[in-house]
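Engineer: Sharing final_0.cif here; it has mmCIF, N, CA and C atoms.
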```
data_start
loop_
_atom_site.label_atom_id
_atom_site.label_comp_id
_atom_site.auth_asym_id
_atom_site.auth_seq_id
_atom_site.Cartn_x
_atom_site.Cartn_y
_atom_site.Cartn_z
N MET A 1 100.30 -12.22 -92.98
CA MET A 1 101.54 -12.47 -92.28
C MET A 1 101.98 -13.91 -92.53
N ILE A 2 103.24 -14.12 -92.35
CA ILE A 2 103.85 -15.42 -92.60
C ILE A 2 103.55 -16.37 -91.44
N ASP A 3 103.17 -17.59 -91.78
CA ASP A 3 103.03 -18.64 -90.77
C ASP A 3 104.41 -19.26 -90.60
N ILE A 4 105.18 -18.71 -89.67
CA ILE A 4 106.58 -19.09 -89.53
C ILE A 4 106.74 -20.54 -89.09
N ASN A 5 105.84 -21.02 -88.24
CA ASN A 5 105.94 -22.41 -87.79
C ASN A 5 105.75 -23.38 -88.97
N LYS A 6 104.83 -23.04 -89.86
CA LYS A 6 104.62 -23.87 -91.04
C LYS A 6 105.86 -23.85 -91.94
N LYS A 7 106.47 -22.67 -92.11
CA LYS A 7 107.68 -22.55 -92.92
C LYS A 7 108.81 -23.40 -92.33
N ILE A 8 108.95 -23.38 -91.00
CA ILE A 8 109.99 -24.18 -90.35
C ILE A 8 109.76 -25.66 -90.61
N MET A 9 108.52 -26.10 -90.44
CA MET A 9 108.20 -27.52 -90.65
C MET A 9 108.46 -27.94 -92.10
N GLU A 10 108.06 -27.11 -93.05
CA GLU A 10 108.29 -27.43 -94.47
C GLU A 10 109.78 -27.54 -94.77
N ALA A 11 110.57 -26.62 -94.23
CA ALA A 11 112.01 -26.64 -94.47
C ALA A 11 112.65 -27.87 -93.83
N MET A 12 112.17 -28.23 -92.65
CA MET A 12 112.73 -29.40 -91.98
C MET A 12 112.36 -30.69 -92.73
N LYS A 13 111.13 -30.77 -93.23
CA LYS A 13 110.71 -31.94 -93.99
C LYS A 13 111.50 -32.06 -95.29
N ALA A 14 111.86 -30.92 -95.87
CA ALA A 14 112.62 -30.91 -97.13
C ALA A 14 114.13 -31.06 -96.87
N HIS A 15 114.51 -31.16 -95.59
CA HIS A 15 115.92 -31.26 -95.20
C HIS A 15 116.74 -30.08 -95.72
N ASP A 16 116.10 -28.91 -95.73
CA ASP A 16 116.76 -27.68 -96.16
C ASP A 16 117.30 -26.99 -94.90
N LYS A 17 118.55 -27.27 -94.59
CA LYS A 17 119.15 -26.78 -93.36
C LYS A 17 119.22 -25.25 -93.32
N VAL A 18 119.60 -24.65 -94.44
CA VAL A 18 119.73 -23.19 -94.49
C VAL A 18 118.38 -22.53 -94.22
N ALA A 19 117.34 -22.99 -94.90
CA ALA A 19 116.01 -22.40 -94.73
C ALA A 19 115.49 -22.62 -93.31
N SER A 20 115.65 -23.81 -92.77
CA SER A 20 115.12 -24.07 -91.43
C SER A 20 115.85 -23.22 -90.39
N GLU A 21 117.16 -23.07 -90.51
CA GLU A 21 117.90 -22.21 -89.58
C GLU A 21 117.47 -20.76 -89.72
N THR A 22 117.29 -20.33 -90.95
CA THR A 22 116.89 -18.94 -91.20
C THR A 22 115.50 -18.67 -90.63
N TYR A 23 114.57 -19.58 -90.85
CA TYR A 23 113.21 -19.40 -90.33
C TYR A 23 113.21 -19.41 -88.81
N LYS A 24 114.05 -20.23 -88.20
CA LYS A 24 114.14 -20.25 -86.73
C LYS A 24 114.68 -18.92 -86.21
N LEU A 25 115.66 -18.35 -86.92
CA LEU A 25 116.17 -17.04 -86.53
C LEU A 25 115.09 -15.97 -86.66
N LEU A 26 114.31 -16.06 -87.74
CA LEU A 26 113.21 -15.11 -87.94
C LEU A 26 112.17 -15.26 -86.83
N LYS A 27 111.85 -16.49 -86.47
CA LYS A 27 110.88 -16.73 -85.40
C LYS A 27 111.37 -16.12 -84.09
N ALA A 28 112.67 -16.25 -83.82
CA ALA A 28 113.24 -15.66 -82.61
C ALA A 28 113.12 -14.13 -82.64
N LYS A 29 113.39 -13.54 -83.81
CA LYS A 29 113.28 -12.07 -83.94
C LYS A 29 111.83 -11.61 -83.75
N ILE A 30 110.89 -12.38 -84.30
CA ILE A 30 109.47 -12.04 -84.15
C ILE A 30 109.08 -12.10 -82.68
N LEU A 31 109.49 -13.16 -82.00
CA LEU A 31 109.18 -13.31 -80.58
C LEU A 31 109.81 -12.18 -79.77
N GLU A 32 111.05 -11.85 -80.11
CA GLU A 32 111.74 -10.75 -79.44
C GLU A 32 110.99 -9.43 -79.65
N PHE A 33 110.50 -9.22 -80.87
CA PHE A 33 109.75 -8.00 -81.19
C PHE A 33 108.46 -7.93 -80.37
N LYS A 34 107.73 -9.05 -80.31
CA LYS A 34 106.44 -9.08 -79.63
C LYS A 34 106.56 -8.93 -78.12
N THR A 35 107.68 -9.39 -77.55
CA THR A 35 107.82 -9.37 -76.10
C THR A 35 108.72 -8.24 -75.60
N ALA A 36 109.13 -7.37 -76.48
CA ALA A 36 109.99 -6.25 -76.07
C ALA A 36 109.24 -5.35 -75.09
N LYS A 37 110.00 -4.68 -74.27
CA LYS A 37 109.42 -3.82 -73.24
C LYS A 37 108.53 -2.73 -73.85
N ASN A 38 108.97 -2.15 -74.95
CA ASN A 38 108.20 -1.09 -75.62
C ASN A 38 107.58 -1.62 -76.91
N ALA A 39 107.04 -2.83 -76.86
CA ALA A 39 106.53 -3.51 -78.06
C ALA A 39 105.37 -2.75 -78.71
N ARG A 40 105.46 -2.68 -80.03
CA ARG A 40 104.36 -2.12 -80.82
C ARG A 40 103.54 -3.29 -81.35
N GLU A 41 102.44 -2.95 -81.99
CA GLU A 41 101.61 -3.99 -82.60
C GLU A 41 102.39 -4.64 -83.73
N TYR A 42 102.36 -5.97 -83.76
CA TYR A 42 103.04 -6.71 -84.83
C TYR A 42 102.06 -6.91 -85.96
N ASN A 43 102.34 -6.28 -87.10
CA ASN A 43 101.46 -6.38 -88.26
C ASN A 43 102.29 -6.63 -89.51
N ASP A 44 101.65 -6.62 -90.65
CA ASP A 44 102.36 -6.90 -91.91
C ASP A 44 103.50 -5.92 -92.16
N ALA A 45 103.26 -4.65 -91.90
CA ALA A 45 104.30 -3.64 -92.13
C ALA A 45 105.51 -3.89 -91.23
N GLU A 46 105.27 -4.21 -89.97
CA GLU A 46 106.36 -4.49 -89.04
C GLU A 46 107.11 -5.75 -89.47
N GLU A 47 106.36 -6.73 -89.97
CA GLU A 47 106.99 -7.96 -90.42
C GLU A 47 107.93 -7.69 -91.60
N ILE A 48 107.48 -6.89 -92.54
CA ILE A 48 108.31 -6.54 -93.69
C ILE A 48 109.55 -5.77 -93.24
N ASN A 49 109.37 -4.84 -92.31
CA ASN A 49 110.51 -4.08 -91.80
C ASN A 49 111.52 -5.00 -91.11
N LEU A 50 111.00 -5.95 -90.33
CA LEU A 50 111.86 -6.89 -89.62
C LEU A 50 112.66 -7.75 -90.59
N ILE A 51 111.99 -8.26 -91.61
CA ILE A 51 112.66 -9.10 -92.60
C ILE A 51 113.70 -8.28 -93.39
N ASN A 52 113.33 -7.06 -93.76
CA ASN A 52 114.29 -6.19 -94.48
C ASN A 52 115.52 -5.91 -93.63
N LYS A 53 115.32 -5.69 -92.34
CA LYS A 53 116.45 -5.44 -91.44
C LYS A 53 117.33 -6.68 -91.35
N MET A 54 116.72 -7.85 -91.26
CA MET A 54 117.50 -9.08 -91.20
C MET A 54 118.30 -9.30 -92.48
N ILE A 55 117.69 -8.97 -93.62
CA ILE A 55 118.40 -9.11 -94.90
C ILE A 55 119.59 -8.16 -94.93
N ALA A 56 119.39 -6.93 -94.50
CA ALA A 56 120.48 -5.96 -94.48
C ALA A 56 121.60 -6.43 -93.56
N ASP A 57 121.24 -6.97 -92.40
CA ASP A 57 122.24 -7.48 -91.47
C ASP A 57 123.04 -8.62 -92.09
N ARG A 58 122.35 -9.52 -92.76
CA ARG A 58 123.03 -10.66 -93.40
C ARG A 58 123.98 -10.17 -94.49
N ASN A 59 123.52 -9.23 -95.30
CA ASN A 59 124.37 -8.71 -96.38
C ASN A 59 125.59 -7.97 -95.83
N ASN A 60 125.40 -7.20 -94.75
CA ASN A 60 126.52 -6.49 -94.14
C ASN A 60 127.54 -7.48 -93.57
N SER A 61 127.05 -8.51 -92.89
CA SER A 61 127.94 -9.52 -92.34
C SER A 61 128.70 -10.23 -93.45
N ALA A 62 128.00 -10.55 -94.52
CA ALA A 62 128.64 -11.24 -95.65
C ALA A 62 129.74 -10.37 -96.25
N ASP A 63 129.49 -9.08 -96.36
CA ASP A 63 130.50 -8.18 -96.92
C ASP A 63 131.75 -8.14 -96.03
N ILE A 64 131.53 -8.13 -94.72
CA ILE A 64 132.67 -8.12 -93.79
C ILE A 64 133.45 -9.42 -93.90
N TYR A 65 132.73 -10.55 -93.97
CA TYR A 65 133.41 -11.84 -94.13
C TYR A 65 134.22 -11.87 -95.43
N LYS A 66 133.63 -11.32 -96.47
CA LYS A 66 134.29 -11.31 -97.77
C LYS A 66 135.59 -10.49 -97.71
N GLN A 67 135.54 -9.35 -97.04
CA GLN A 67 136.73 -8.50 -96.90
C GLN A 67 137.84 -9.22 -96.13
N ASN A 68 137.44 -10.11 -95.23
CA ASN A 68 138.42 -10.83 -94.41
C ASN A 68 138.73 -12.21 -94.98
N ASN A 69 138.45 -12.39 -96.26
CA ASN A 69 138.76 -13.63 -96.97
C ASN A 69 138.12 -14.87 -96.35
N ARG A 70 136.89 -14.73 -95.91
CA ARG A 70 136.13 -15.87 -95.38
C ARG A 70 134.91 -16.08 -96.26
N GLN A 71 135.15 -16.49 -97.49
CA GLN A 71 134.09 -16.67 -98.48
C GLN A 71 133.07 -17.70 -98.02
N ASP A 72 133.50 -18.72 -97.28
CA ASP A 72 132.59 -19.75 -96.80
C ASP A 72 131.51 -19.16 -95.89
N LEU A 73 131.92 -18.28 -94.99
CA LEU A 73 130.96 -17.63 -94.09
C LEU A 73 130.10 -16.61 -94.84
N ALA A 74 130.71 -15.92 -95.79
CA ALA A 74 129.96 -14.95 -96.60
C ALA A 74 128.87 -15.65 -97.40
N ASP A 75 129.19 -16.80 -97.97
CA ASP A 75 128.20 -17.55 -98.74
C ASP A 75 127.03 -17.98 -97.87
N ALA A 76 127.32 -18.38 -96.64
CA ALA A 76 126.25 -18.79 -95.71
C ALA A 76 125.32 -17.61 -95.41
N GLU A 77 125.90 -16.43 -95.21
CA GLU A 77 125.08 -15.24 -94.94
C GLU A 77 124.24 -14.85 -96.16
N TYR A 78 124.85 -14.93 -97.34
CA TYR A 78 124.10 -14.61 -98.56
C TYR A 78 122.96 -15.61 -98.77
N ALA A 79 123.19 -16.86 -98.44
CA ALA A 79 122.15 -17.88 -98.58
C ALA A 79 120.96 -17.58 -97.65
N GLN A 80 121.26 -17.16 -96.43
CA GLN A 80 120.18 -16.80 -95.51
C GLN A 80 119.44 -15.56 -96.00
N ALA A 81 120.16 -14.59 -96.53
CA ALA A 81 119.53 -13.38 -97.06
C ALA A 81 118.59 -13.74 -98.21
N LYS A 82 119.00 -14.69 -99.03
CA LYS A 82 118.18 -15.12 -100.17
C LYS A 82 116.88 -15.77 -99.68
N VAL A 83 116.98 -16.60 -98.65
CA VAL A 83 115.78 -17.25 -98.09
C VAL A 83 114.83 -16.19 -97.53
N LEU A 84 115.38 -15.21 -96.84
CA LEU A 84 114.54 -14.14 -96.28
C LEU A 84 113.91 -13.30 -97.39
N GLN A 85 114.67 -13.05 -98.46
CA GLN A 85 114.17 -12.25 -99.57
C GLN A 85 112.93 -12.89 -100.20
N GLU A 86 112.91 -14.22 -100.23
CA GLU A 86 111.78 -14.94 -100.82
C GLU A 86 110.49 -14.77 -100.01
N LEU A 87 110.62 -14.38 -98.74
CA LEU A 87 109.44 -14.19 -97.90
C LEU A 87 108.74 -12.85 -98.15
N LEU A 88 109.47 -11.92 -98.73
CA LEU A 88 108.90 -10.58 -98.95
C LEU A 88 107.91 -10.59 -100.10
N PRO A 89 106.83 -9.83 -99.96
CA PRO A 89 105.89 -9.72 -101.08
C PRO A 89 106.50 -8.88 -102.19
N ALA A 90 105.90 -8.98 -103.36
CA ALA A 90 106.36 -8.16 -104.49
C ALA A 90 106.18 -6.69 -104.12
N LEU A 91 107.21 -5.91 -104.37
CA LEU A 91 107.16 -4.50 -104.03
C LEU A 91 106.26 -3.75 -105.01
N PRO A 92 105.50 -2.78 -104.50
CA PRO A 92 104.66 -2.00 -105.40
C PRO A 92 105.51 -1.16 -106.35
N THR A 93 105.08 -1.09 -107.58
CA THR A 93 105.82 -0.32 -108.58
C THR A 93 105.40 1.14 -108.51
N GLN A 94 106.11 1.96 -109.23
CA GLN A 94 105.76 3.38 -109.28
C GLN A 94 104.36 3.53 -109.89
N GLU A 95 104.03 2.68 -110.84
CA GLU A 95 102.70 2.72 -111.46
C GLU A 95 101.62 2.40 -110.43
N ASP A 96 101.87 1.44 -109.54
CA ASP A 96 100.91 1.10 -108.49
C ASP A 96 100.68 2.30 -107.57
N ILE A 97 101.77 2.99 -107.24
CA ILE A 97 101.67 4.16 -106.36
C ILE A 97 100.87 5.27 -107.02
N VAL A 98 101.17 5.53 -108.29
CA VAL A 98 100.47 6.58 -109.04
C VAL A 98 98.98 6.23 -109.15
N ASN A 99 98.67 4.97 -109.43
CA ASN A 99 97.26 4.54 -109.52
C ASN A 99 96.54 4.75 -108.21
N TYR A 100 97.18 4.39 -107.09
CA TYR A 100 96.57 4.58 -105.78
C TYR A 100 96.30 6.06 -105.52
N LEU A 101 97.28 6.90 -105.83
CA LEU A 101 97.11 8.34 -105.61
C LEU A 101 96.01 8.91 -106.50
N ASN A 102 95.95 8.47 -107.76
CA ASN A 102 94.91 8.96 -108.66
C ASN A 102 93.51 8.54 -108.20
N GLU A 103 93.40 7.33 -107.67
CA GLU A 103 92.10 6.85 -107.19
C GLU A 103 91.64 7.61 -105.95
N ASN A 104 92.57 7.90 -105.05
CA ASN A 104 92.20 8.48 -103.76
C ASN A 104 92.38 9.99 -103.67
N TYR A 105 93.18 10.55 -104.54
CA TYR A 105 93.44 11.99 -104.49
C TYR A 105 93.36 12.59 -105.89
N SER A 106 92.28 12.35 -106.57
CA SER A 106 92.12 12.82 -107.95
C SER A 106 92.11 14.34 -108.05
N ASP A 107 91.72 15.01 -106.97
CA ASP A 107 91.68 16.47 -107.00
C ASP A 107 92.99 17.11 -106.54
N GLY A 108 94.01 16.31 -106.29
CA GLY A 108 95.32 16.82 -105.89
C GLY A 108 95.52 16.81 -104.39
N ILE A 109 96.72 17.17 -103.98
CA ILE A 109 97.08 17.17 -102.57
C ILE A 109 97.70 18.52 -102.23
N GLU A 110 97.29 19.05 -101.09
CA GLU A 110 97.90 20.30 -100.63
C GLU A 110 99.28 19.98 -100.06
N LYS A 111 100.19 20.93 -100.19
CA LYS A 111 101.56 20.71 -99.75
C LYS A 111 101.64 20.36 -98.27
N LYS A 112 100.81 20.96 -97.45
CA LYS A 112 100.88 20.70 -96.01
C LYS A 112 100.41 19.29 -95.65
N MET A 113 99.69 18.63 -96.56
CA MET A 113 99.21 17.27 -96.32
C MET A 113 100.15 16.21 -96.88
N MET A 114 101.25 16.62 -97.47
CA MET A 114 102.16 15.70 -98.15
C MET A 114 102.66 14.59 -97.23
N GLY A 115 103.10 14.92 -96.03
CA GLY A 115 103.62 13.93 -95.10
C GLY A 115 102.58 12.91 -94.70
N VAL A 116 101.36 13.35 -94.48
CA VAL A 116 100.27 12.46 -94.10
C VAL A 116 99.95 11.50 -95.23
N VAL A 117 99.94 12.02 -96.45
CA VAL A 117 99.63 11.18 -97.62
C VAL A 117 100.74 10.15 -97.85
N ILE A 118 101.99 10.56 -97.71
CA ILE A 118 103.10 9.63 -97.89
C ILE A 118 103.00 8.49 -96.88
N LYS A 119 102.71 8.83 -95.64
CA LYS A 119 102.57 7.81 -94.58
C LYS A 119 101.42 6.85 -94.92
N GLU A 120 100.31 7.41 -95.38
CA GLU A 120 99.14 6.59 -95.73
C GLU A 120 99.47 5.63 -96.87
N VAL A 121 100.14 6.13 -97.90
CA VAL A 121 100.49 5.29 -99.06
C VAL A 121 101.42 4.17 -98.62
N LYS A 122 102.41 4.48 -97.78
CA LYS A 122 103.34 3.46 -97.32
C LYS A 122 102.65 2.40 -96.47
N GLU A 123 101.58 2.78 -95.75
CA GLU A 123 100.83 1.81 -94.96
C GLU A 123 99.94 0.94 -95.84
N LYS A 124 99.35 1.54 -96.87
CA LYS A 124 98.45 0.79 -97.74
C LYS A 124 99.20 -0.10 -98.73
N LEU A 125 100.30 0.40 -99.26
CA LEU A 125 101.10 -0.35 -100.23
C LEU A 125 102.38 -0.80 -99.52
N LEU A 126 102.30 -1.90 -98.81
CA LEU A 126 103.40 -2.38 -97.99
C LEU A 126 104.67 -2.58 -98.81
N GLY A 127 105.76 -2.08 -98.27
CA GLY A 127 107.05 -2.23 -98.94
C GLY A 127 107.37 -1.13 -99.93
N ALA A 128 106.47 -0.17 -100.08
CA ALA A 128 106.70 0.91 -101.04
C ALA A 128 107.90 1.75 -100.58
N ASP A 129 108.75 2.10 -101.53
CA ASP A 129 109.93 2.91 -101.25
C ASP A 129 109.50 4.35 -100.94
N GLY A 130 109.97 4.88 -99.82
CA GLY A 130 109.58 6.21 -99.38
C GLY A 130 109.92 7.30 -100.37
N LYS A 131 111.09 7.21 -100.98
CA LYS A 131 111.50 8.24 -101.94
C LYS A 131 110.60 8.21 -103.18
N THR A 132 110.29 7.02 -103.65
CA THR A 132 109.41 6.90 -104.82
C THR A 132 108.03 7.46 -104.50
N VAL A 133 107.52 7.13 -103.32
CA VAL A 133 106.21 7.64 -102.91
C VAL A 133 106.24 9.16 -102.84
N ALA A 134 107.29 9.71 -102.23
CA ALA A 134 107.40 11.17 -102.12
C ALA A 134 107.45 11.84 -103.48
N ASP A 135 108.20 11.25 -104.40
CA ASP A 135 108.26 11.81 -105.77
C ASP A 135 106.90 11.80 -106.45
N CYS A 136 106.17 10.70 -106.29
CA CYS A 136 104.84 10.59 -106.90
C CYS A 136 103.87 11.60 -106.28
N VAL A 137 103.95 11.77 -104.98
CA VAL A 137 103.08 12.73 -104.29
C VAL A 137 103.41 14.15 -104.75
N LYS A 138 104.68 14.47 -104.89
CA LYS A 138 105.08 15.80 -105.35
C LYS A 138 104.51 16.12 -106.72
N ASN A 139 104.38 15.11 -107.56
CA ASN A 139 103.87 15.31 -108.90
C ASN A 139 102.39 15.69 -108.94
N ILE A 140 101.64 15.38 -107.89
CA ILE A 140 100.21 15.71 -107.91
C ILE A 140 99.84 16.79 -106.89
N LEU A 141 100.84 17.54 -106.40
CA LEU A 141 100.55 18.64 -105.49
C LEU A 141 99.72 19.71 -106.21
N LYS A 142 98.86 20.38 -105.46
CA LYS A 142 98.03 21.46 -106.02
C LYS A 142 98.88 22.68 -106.32
#
```
Rewrite the structure of this file - the entire thing - as structure tokens.
Structural biologist:
Amino acid sequence: MIDINKKIMEAMKAHDKVASETYKLLKAKILEFKTAKNAREYNDAEEINLINKMIADRNNSADIYKQNNRQDLADAEYAQAKVLQELLPALPTQEDIVNYLNENYSDGIEKKMMGVVIKEVKEKLLGADGKTVADCVKNILK
């Protein structure tokens, strides 16, 4: 998991206003997630989901600003999205997914177990695209 306090300090020392503001927003979202009434365990997968959601929000806001001829605000949102994108780990490739499935399910997968296997792969290979995982699992069904 990301040491968000360290990231904030590094950005502040580097006088990177965009990064420090973005990290502070992320810290607030993490705190909000952890203290929510129906809070789940905060782990790497939840962190990736949270960052992806923030990136999507920033991109959507930027698109709206762009449509309303506010390029200055759109650029600020895109800059924050870029900072958040840098926090994400490298996404597993289709080859990584196939290798994982071959190592753990060399004898194939029964169709009724497909959902369980997809969930397992997405938990083990953080950030894996669900559709790609499903396609790979379908290829090794019995």
Engineer: So, counting all atoms listed in the file, which residue among A:Leu91, A:Leu141, A:Gly130, A:Ala74 is closest to Glu110 in chain A?
Structural biologist: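 Counting all atoms listed in the file, the residue closest to Glu110 in chain A is A:Leu141.
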Engineer: Among range 48-135 of chain A, which residues carry a DSSP assignment of alpha helix (DSSP H), reported as number ranges by chain?
Structural biologist: A: 48-67, 71-87, 94-104, 114-124, 130-135
Engineer: What is the atom N of Asn43 in chain A to atom N of Leu88 in chain A distance in Å?
Structural biologist: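 That distance, rounded to one decimal, is 14.8 Å.
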Engineer: Between CA of Thr132 in chain A and CA of Arg58 in chain A, what is the distance, to one decimal in Å?
Structural biologist: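 Going from CA of Thr132 in chain A over to CA of Arg58 in chain A covers 25.0 Å.
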Engineer: Mind telling me what the PyMOL selection byres (((chain A and resi 24 and name CA) around 12) and name CA) catches here, as a PyMOL selection string?
Structural biologist: chain A and resi 3-9+11-12+17-23+25-31+80+83-84
Engineer: Closest to Ala56 in chain A among A:Tyr78, A:Met114, A:Asp44, A:Leu73, using only C-alpha atoms?
Structural biologist: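 Smallest separation from Ala56 in chain A among the options: A:Tyr78.
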Engineer: Measuring atom to atom with only C-alpha atoms, identify which of A:Val117, A:Lys138, A:Gln85, A:Ile2 is nearest to Glu47 in chain A.
Structural biologist: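 Using only C-alpha atoms, the shortest distance to Glu47 in chain A belongs to A:Ile2.
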Engineer: Pick out the residues sitting within 8 Å of Ile140 in chain A, and hand them over as a list in words; count all atoms listed in the file, and ignore anything fewer than 5 positions along from it in its own chain.
Structural biologist: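 After dropping sequence-adjacent residues, the list is Tyr105, Asp107, Gly108, Ile109, Glu110, Lys111 and Asp135 of chain A.
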Engineer: Kindly save the residues from that selection, with N, CA and C atoms included, as a PDB file, keeping the file's coordinate frame.
Structural biologist:
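Heads up, here's the output in out-v2.pdb:
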```pdb
ATOM      1  N   TYR A 105      93.180  10.550-104.540  1.00  0.00           N
ATOM      2  CA  TYR A 105      93.440  11.990-104.490  1.00  0.00           C
ATOM      3  C   TYR A 105      93.360  12.590-105.890  1.00  0.00           C
ATOM      4  N   ASP A 107      91.720  15.010-106.970  1.00  0.00           N
ATOM      5  CA  ASP A 107      91.680  16.470-107.000  1.00  0.00           C
ATOM      6  C   ASP A 107      92.990  17.110-106.540  1.00  0.00           C
ATOM      7  N   GLY A 108      94.010  16.310-106.290  1.00  0.00           N
ATOM      8  CA  GLY A 108      95.320  16.820-105.890  1.00  0.00           C
ATOM      9  C   GLY A 108      95.520  16.810-104.390  1.00  0.00           C
ATOM     10  N   ILE A 109      96.720  17.170-103.980  1.00  0.00           N
ATOM     11  CA  ILE A 109      97.080  17.170-102.570  1.00  0.00           C
ATOM     12  C   ILE A 109      97.700  18.520-102.230  1.00  0.00           C
ATOM     13  N   GLU A 110      97.290  19.050-101.090  1.00  0.00           N
ATOM     14  CA  GLU A 110      97.900  20.300-100.630  1.00  0.00           C
ATOM     15  C   GLU A 110      99.280  19.980-100.060  1.00  0.00           C
ATOM     16  N   LYS A 111     100.190  20.930-100.190  1.00  0.00           N
ATOM     17  CA  LYS A 111     101.560  20.710 -99.750  1.00  0.00           C
ATOM     18  C   LYS A 111     101.640  20.360 -98.270  1.00  0.00           C
ATOM     19  N   ASP A 135     108.200  11.250-104.400  1.00  0.00           N
ATOM     20  CA  ASP A 135     108.260  11.810-105.770  1.00  0.00           C
ATOM     21  C   ASP A 135     106.900  11.800-106.450  1.00  0.00           C
TER      22      ASP A 135
END
```
Engineer: Taking only C-alpha atoms into account, name the residue in A:Ala90, A:Ala45, A:Ala14, A:Val137 that is nearest to Glu123 in chain A.
Structural biologist: A:Ala45
Engineer: Within 9 Å of (100.0, 3.2, -103.6), in the coordinates the file gives, what residues turn up when you count only C-alpha atoms, written out as a ChimeraX atom specification?
Structural biologist: /A:92-101,120-126,128,133
Engineer: Around range 51-68 of chain A, fit a box with edges along x, y and z, padding it by 4 Å on each side, then list its centre and edge lengths in Å to one decimal as lines of an AutoDock Vina configuration file.
Structural biologist:
```
center_x = 125.4
center_y = -8.8
center_z = -94.5
size_x = 34.7
size_y = 14.8
size_z = 14.6
```
Engineer: Take CA of Asp16 in chain A and atom N of Asp75 in chain A and report the distance between them in Å, one decimal.
Structural biologist: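 Between CA of Asp16 in chain A and atom N of Asp75 in chain A the gap is 16.6 Å.
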